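To start, the structure itself, in structure tokens.
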Amino acid sequence: MFRAVFRLSTTGARSLAQPRLCNSAPVASRCYSHAKAETDEEFDARWVTYFNKPDIDAWELRKGMNTLIGYDLVPEAKILDSALRACRRLDDLASAIRILEAVKDKAGNHKDIYPYLIQELTPTLSELGISTPEELGIDKL
Amino acid sequence: MSLPKPVMRGLLGKRLRFHLPIAFSLSLLAAVAFKYGVTEPRKQAYADFYKQYDAVKEFNAMREAGIFESVRPSGE
């Protein structure tokens, strides 16, 4: 995929000086390993399983969310659903709302992502009694 | 009205793949433009000045102006 970057560069010599950005989302995807790259579905399933741990503790929840936010992707609705349910098991409403704020921030300028995710998560949000930042008025400065 | 699923992966990668080559090319262009627009003319100006420079003549002009302490103007 980086051959595309090099083709776009105007000189080949300069491309050697460019930092080696590696591929976007999945952790297991590296440019130079002959291990199989993890598919998006496997990645999602792995994270859903992580948050589904029945006795997940607060540290693991924070660690998981921080790691997840570090990736070049906006987490899928099913991962967020699993994380919100983990917050419920930990009686952590603050983290649940923070997760929604983080996801909106991850989307950046792509304004279509957050409304879509809220649409997908509405059943979960009403089941668990989680308000969105917009409903609480804390999305404005 | 149900929203369609947007693209949620690789957004930064896509942005970088687009903007980084532009950024590097523009920087390179700026460097080349500065070299040929500023530094080369400057170097040429110095070279042209010193091509016909007569150090002795300049020294004598300065001497007559009386600015040196080690040699006085030829009149005194």
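In the structure tokens, chains take letters A, B, ... by order of appearance, with residues numbered from 1 within each chain and ligands from 1 in the order shown.
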With a cut-off of 8 Å, could you pull out the residues of chain B touching chain A and give me the nearest pair of atoms for each, distance in Å to one decimal, using only C-alpha atoms, ordered by chain and ascending number, as CSV?
residue,atom,partner,partner_atom,distance
B:Ser2,CA,A:Gln119,CA,7.9
B:Leu3,CA,A:Tyr116,CA,5.8
B:Pro4,CA,A:Tyr116,CA,7.2
B:Lys5,CA,A:Tyr116,CA,6.6
B:Pro6,CA,A:Ile113,CA,6.0
B:Val7,CA,A:Ile113,CA,7.8
B:Met8,CA,A:Val74,CA,5.2
B:Arg9,CA,A:Leu73,CA,4.2
B:Gly10,CA,A:Ser24,CA,5.2
B:Leu11,CA,A:Asp72,CA,6.7
B:Leu12,CA,A:Asp72,CA,6.0
B:Gly13,CA,A:Ser24,CA,6.0
B:Arg17,CA,A:Val5,CA,6.0
B:Pro21,CA,A:Ser9,CA,5.2
B:Phe24,CA,A:Ser9,CA,7.9
B:Ser25,CA,A:Thr10,CA,6.8
Would you mind exporting C-alpha atoms of the selected residues as a short mmCIF file (atom, residue, chain, number, x, y, z; two decimals), in the first residue's frame?
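Saved the output as out.cif:
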data_model
loop_
_atom_site.label_atom_id
_atom_site.label_comp_id
_atom_site.auth_asym_id
_atom_site.auth_seq_id
_atom_site.Cartn_x
_atom_site.Cartn_y
_atom_site.Cartn_z
CA SER B 2 -32.12 5.37 8.75
CA LEU B 3 -28.57 6.60 8.20
CA PRO B 4 -26.32 4.48 5.98
CA LYS B 5 -23.11 3.13 7.44
CA PRO B 6 -20.26 5.53 6.74
CA VAL B 7 -16.59 4.62 6.28
CA MET B 8 -15.07 4.35 9.74
CA ARG B 9 -11.63 2.85 9.15
CA GLY B 10 -8.40 4.18 7.77
CA LEU B 11 -9.53 7.81 7.74
CA LEU B 12 -6.17 9.17 8.92
CA GLY B 13 -4.29 6.93 6.52
CA ARG B 17 -1.75 9.44 1.68
CA PRO B 21 3.12 13.89 -0.89
CA PHE B 24 6.75 17.13 0.86
CA SER B 25 6.56 18.44 -2.70
#
Find the spatial neighbours of Glu101 (chain A), counting only C-alpha atoms, within a cut-off of 10 Å - ignore same-chain residues fewer than 5 positions away - and output them as number ranges by chain. A: 95-96, 106, 114, 132-134, 138-139
Writer output for current selection, all heavy atoms, as a PDB file, in the first residue's frame:
ATOM      1  N   SER A  95     -17.728   7.024  32.563  1.00  0.00           N
ATOM      2  CA  SER A  95     -16.944   6.456  31.457  1.00  0.00           C
ATOM      3  C   SER A  95     -17.815   6.179  30.251  1.00  0.00           C
ATOM      4  O   SER A  95     -17.383   6.343  29.117  1.00  0.00           O
ATOM      5  CB  SER A  95     -16.251   5.172  31.891  1.00  0.00           C
ATOM      6  OG  SER A  95     -15.298   5.444  32.886  1.00  0.00           O
ATOM      7  N   ALA A  96     -19.058   5.770  30.509  1.00  0.00           N
ATOM      8  CA  ALA A  96     -19.952   5.478  29.390  1.00  0.00           C
ATOM      9  C   ALA A  96     -20.170   6.732  28.543  1.00  0.00           C
ATOM     10  O   ALA A  96     -20.067   6.699  27.314  1.00  0.00           O
ATOM     11  CB  ALA A  96     -21.289   4.951  29.906  1.00  0.00           C
ATOM     12  N   LYS A 106     -13.090  11.116  17.702  1.00  0.00           N
ATOM     13  CA  LYS A 106     -12.339  10.275  16.761  1.00  0.00           C
ATOM     14  C   LYS A 106     -12.803  10.482  15.334  1.00  0.00           C
ATOM     15  O   LYS A 106     -12.030  10.376  14.404  1.00  0.00           O
ATOM     16  CB  LYS A 106     -12.494   8.784  17.102  1.00  0.00           C
ATOM     17  CG  LYS A 106     -11.533   8.235  18.091  1.00  0.00           C
ATOM     18  CD  LYS A 106     -10.112   8.422  17.726  1.00  0.00           C
ATOM     19  CE  LYS A 106      -9.629   7.411  16.706  1.00  0.00           C
ATOM     20  NZ  LYS A 106      -8.199   7.499  16.449  1.00  0.00           N
ATOM     21  N   TYR A 114     -20.724  10.020  13.760  1.00  0.00           N
ATOM     22  CA  TYR A 114     -21.304  10.038  15.108  1.00  0.00           C
ATOM     23  C   TYR A 114     -22.811   9.870  15.107  1.00  0.00           C
ATOM     24  O   TYR A 114     -23.345   9.040  15.852  1.00  0.00           O
ATOM     25  CB  TYR A 114     -20.880  11.316  15.835  1.00  0.00           C
ATOM     26  CG  TYR A 114     -21.382  11.410  17.256  1.00  0.00           C
ATOM     27  CD1 TYR A 114     -20.901  10.560  18.238  1.00  0.00           C
ATOM     28  CD2 TYR A 114     -22.352  12.348  17.609  1.00  0.00           C
ATOM     29  CE1 TYR A 114     -21.357  10.643  19.537  1.00  0.00           C
ATOM     30  CE2 TYR A 114     -22.810  12.447  18.905  1.00  0.00           C
ATOM     31  CZ  TYR A 114     -22.310  11.587  19.863  1.00  0.00           C
ATOM     32  OH  TYR A 114     -22.773  11.672  21.149  1.00  0.00           O
ATOM     33  N   THR A 132     -26.797  10.834  26.194  1.00  0.00           N
ATOM     34  CA  THR A 132     -25.712  11.274  25.327  1.00  0.00           C
ATOM     35  C   THR A 132     -25.229  12.649  25.803  1.00  0.00           C
ATOM     36  O   THR A 132     -25.960  13.358  26.494  1.00  0.00           O
ATOM     37  CB  THR A 132     -26.180  11.395  23.865  1.00  0.00           C
ATOM     38  OG1 THR A 132     -27.105  12.467  23.780  1.00  0.00           O
ATOM     39  CG2 THR A 132     -26.821  10.108  23.387  1.00  0.00           C
ATOM     40  N   PRO A 133     -23.990  13.020  25.448  1.00  0.00           N
ATOM     41  CA  PRO A 133     -23.507  14.349  25.819  1.00  0.00           C
ATOM     42  C   PRO A 133     -24.441  15.458  25.320  1.00  0.00           C
ATOM     43  O   PRO A 133     -24.634  16.463  26.002  1.00  0.00           O
ATOM     44  CB  PRO A 133     -22.142  14.437  25.132  1.00  0.00           C
ATOM     45  CG  PRO A 133     -21.718  13.025  24.972  1.00  0.00           C
ATOM     46  CD  PRO A 133     -22.959  12.224  24.788  1.00  0.00           C
ATOM     47  N   GLU A 134     -25.045  15.259  24.149  1.00  0.00           N
ATOM     48  CA  GLU A 134     -25.962  16.261  23.598  1.00  0.00           C
ATOM     49  C   GLU A 134     -27.178  16.432  24.496  1.00  0.00           C
ATOM     50  O   GLU A 134     -27.636  17.554  24.748  1.00  0.00           O
ATOM     51  CB  GLU A 134     -26.414  15.858  22.186  1.00  0.00           C
ATOM     52  CG  GLU A 134     -25.315  15.909  21.131  1.00  0.00           C
ATOM     53  CD  GLU A 134     -24.261  14.845  21.296  1.00  0.00           C
ATOM     54  OE1 GLU A 134     -24.598  13.742  21.763  1.00  0.00           O
ATOM     55  OE2 GLU A 134     -23.087  15.100  20.980  1.00  0.00           O
ATOM     56  N   ILE A 138     -23.632  18.892  27.490  1.00  0.00           N
ATOM     57  CA  ILE A 138     -22.196  19.070  27.737  1.00  0.00           C
ATOM     58  C   ILE A 138     -21.378  18.958  26.460  1.00  0.00           C
ATOM     59  O   ILE A 138     -20.153  18.925  26.486  1.00  0.00           O
ATOM     60  CB  ILE A 138     -21.664  18.047  28.775  1.00  0.00           C
ATOM     61  CG1 ILE A 138     -21.826  16.612  28.268  1.00  0.00           C
ATOM     62  CG2 ILE A 138     -22.357  18.243  30.100  1.00  0.00           C
ATOM     63  CD1 ILE A 138     -21.158  15.596  29.191  1.00  0.00           C
ATOM     64  N   ASP A 139     -22.071  18.929  25.301  1.00  0.00           N
ATOM     65  CA  ASP A 139     -21.306  18.875  24.058  1.00  0.00           C
ATOM     66  C   ASP A 139     -20.901  20.273  23.600  1.00  0.00           C
ATOM     67  O   ASP A 139     -20.078  20.435  22.728  1.00  0.00           O
ATOM     68  CB  ASP A 139     -22.123  18.186  22.956  1.00  0.00           C
ATOM     69  CG  ASP A 139     -23.418  18.919  22.678  1.00  0.00           C
ATOM     70  OD1 ASP A 139     -24.064  19.374  23.651  1.00  0.00           O
ATOM     71  OD2 ASP A 139     -23.796  19.036  21.506  1.00  0.00           O
TER      72      ASP A 139
END
Could you pull out the helix (DSSP H, G or I) residues of region 79-140 of chain A, going by DSSP on the backbone, and write them as an MDAnalysis selection string? chainID A and resid 79:89 93:107 113:128 133:136
Distance query Leu121 (chain A) at most 9 Å, only C-alpha atoms, self and fewer than 6 positions along chain excluded, as a PyMOL selection string: chain A and resi 77-78+80-81
Counting only C-alpha atoms, which of A:Asn52, A:Ser131, A:Thr122, A:Thr39 gets nearest to Arg85 (chain A)?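 Closest to Arg85 (chain A) of all the choices is A:Asn52.
Pairwise distance (CA of Trp59 (chain A), CA of Arg88 (chain A)) equals 14.5 Å.
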Identify which of the residues A:Asn109, A:Gly70, A:Ile79, A:Arg89 lies closest to Tyr50 (chain A), counting only C-alpha atoms when measuring atom-to-atom distances. A:Ile79
